[in-house]
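**Q** Got a structure for you, written out below as structure tokens; questions coming shortly.
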Amino acid sequence: MTAGAFIVVAVVLGIAAVSTVQILAGALTDGVRVSVEQDLETIGARLETSPSAGRTLDDIGDDVLVRLVGSSTVVNDEDAAALPSVSEDSTRRVVVDGDAYLVGSDDTDAGVLTVARPLEHVDDAVSTATVLLAVGVPLVLALMAVVVWVVAGRALAPVERLRRQVDGIGATDLSHRVDAGDDELGALAETMNRMLARIEHAQSVQRRFVSDASHELRSPLATMRQHAELAHAHPDSTSLDELGRVVRDEGARMQDLVEGLLLLARLDEHQQPPFEPVDLDDLALEEAARLRGMGVHVDTTSVGAGRVLGAPPLLARAVRNLVDNAARHADRAVTLRVAADGPVVRLEVEDDGAGILPEDRLRVFDRFARLDEGRARDEGGSGLGLAIVREVAEVHHGTVAVDAGAGGGARFMLALPAAPSA
């Protein structure tokens, strides 16, 4: 319970205590008022039938003061002489000789009759209730505070333990996990453990990505520097044409690598161009024409109509990466297929090369994944092409997979949601 809530409870209890005392005082006073009215009625009736007013008043009890003012004044007690007269059908609280009374008057045939009953028991009851509530309310509040403190302390002890465990996990030890029980806090701990696992995985991927990127960027720089130093030290043994070719090729490799890194960074931050209807078959045919211009045989007989909803630059980049990867590993030909299959449009890119082993078919989509570490660098890509394809597929709520083609090579399958019909 917070301090504000405790103050509200204290105020409510205080108001309830004051209201209780006022209701008690009013109820007891009303009882005395009824008794006074009954006394006025009873004594007035007796005076009408009694020949002697004095003898009638002598029969009244000692706790009631009675005064009759007629041809003479008659009282049943000396204190009754000091009673004030009040208007008919009303009562009033007065103090006589230090004692509180409730006084009422009535006109009779014998004169003005005034009756007073003591309020001592009313005042005593109100005082007792006031003292009890004045002592009891703070005690209740104190007991409530202790109970809440103990109960809340026990209830929040697992939360505090969980907080300490989480607070002790630093950026360098994300492998640690918090203790999980079988209650609601256990479910929270499991959620936090899953979050820590995702953060640890993301950090591991980021570190590996930075390490691989720095290595990939360093390699073309080292190659260009090596050839430049060789040309500077032995100008006769290195031609300008050869040096220019090395700088051009390694510069293009660096450019492709940097562009891939920037694209992946934008996709990681969920930054993509606006979506619009895109004909996937047009993109496939454009890439086929490009490959034919490079002397690669491309089979497009199975390319049918297929329209998807997506970002044209990203889809074009994904199709080009798949086609380039197939051309790089094909022996003689590349086959392209596009077909609409209900709510999905499928693009297949198949080569007739050596294929990909089943155990490598998931790893091939990792960033900087290289299945053939021994091949020449000018024959390989940057290691980001297929990773970009997977990220583009996920952005478009699609999938990409690879299996064995009909000719033994690799067959990449990109499945994307079809664009809604107009």
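Residues in the structure tokens are named by chain (A, B, ... in the order shown) and by number from 1 within that chain; ligands are numbered from 1 in the order shown.
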Could you write out, as a PyMOL selection string, all the residues of region 117-244 of chain A that DSSP marks as helix (DSSP H, G or I)?

**A** chain A and resi 120-167+184-233+240-244

**Q** Counting only C-alpha atoms, figure out which residue out of A:Gln206, A:Glu348, A:Phe6, A:Asp241 gets nearest to Trp149 (chain A).

**A**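 The shortest atom-to-atom distance to Trp149 (chain A) comes from A:Phe6.
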
**Q** What's the 8 Å shell around region 107-120 of chain A, counting only C-alpha atoms, without same-chain residues fewer than 6 positions away, as a ChimeraX atom specification?

**A** /A:29,32,35-36,39-40,44,47-48,63-71,83,85,88,99-101

**Q** Would you mind listing what lies within 9 Å of Ser90 (chain A) as a list in words, with only C-alpha atoms counted and same-chain residues fewer than 2 positions away left out?

**A**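 After dropping sequence-adjacent residues, the list is Val86, Ser87, Glu88, Arg92, Val103, Gly104 and Ser105 of chain A.
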
**Q** Work out how far CA of Ala340 (chain A) is from CA of Thr399 (chain A), in Å to one decimal.

**A** 14.8 Å

**Q** Please measure the separation of CA of Val402 (chain A) and CA of Arg361 (chain A), giving the value in Å to one decimal.

**A** 6.1 Å

**Q** Which residues are close to Thr300 (chain A), i.e. within 8 Å by only C-alpha atoms, leaving aside same-chain residues fewer than 5 positions away? Reply as a list of chain:residue names.

**A**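 Listed by chain and then number, they are A:Leu285, A:Ala288, A:Thr335, A:Leu336, A:Arg337.
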
**Q** Fewer than 6 positions away in the same chain doesn't count, so skip those; otherwise give me all residues within 12 Å of Leu357 (chain A), counting only C-alpha atoms, as a PyMOL selection string.

**A** chain A and resi 363-364+371-372+402-405+408-411

**Q** Smallest atom-to-atom distance to Ile15 (chain A): which of A:Phe365, A:Leu133, A:Ser219, A:Leu102, using only C-alpha atoms?

**A**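 Using only C-alpha atoms, Ile15 (chain A) sits closest to A:Leu133.
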
**Q** Excluding Ile23 (chain A) and any residue of its chain fewer than 4 positions from it, enumerate the residues within 12 Å of it, using only C-alpha atoms, and give them as an NGL selection string.

**A** :A and (16-19 or 27-30 or 122 or 125-126 or 129-130)

**Q** One decimal, Å: what's the distance from CA of His297 (chain A) over to CA of Ala330 (chain A), could you say?

**A**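 Computed distance, CA of His297 (chain A) to CA of Ala330 (chain A), equals 9.7 Å.
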
**Q** Hey, which of A:Asp268, A:Glu287, A:Glu184, A:Asp77 ends up closest to Asp324 (chain A)? Count only C-alpha atoms.

**A**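 When distances to Asp324 (chain A) are compared using only C-alpha atoms, the smallest one comes from A:Glu287.
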
**Q** Which residue is closest to Gly407 (chain A)? Choose from A:Asp351, A:Val344, A:Asp360, A:Glu259 and count only C-alpha atoms.

**A** A:Asp351
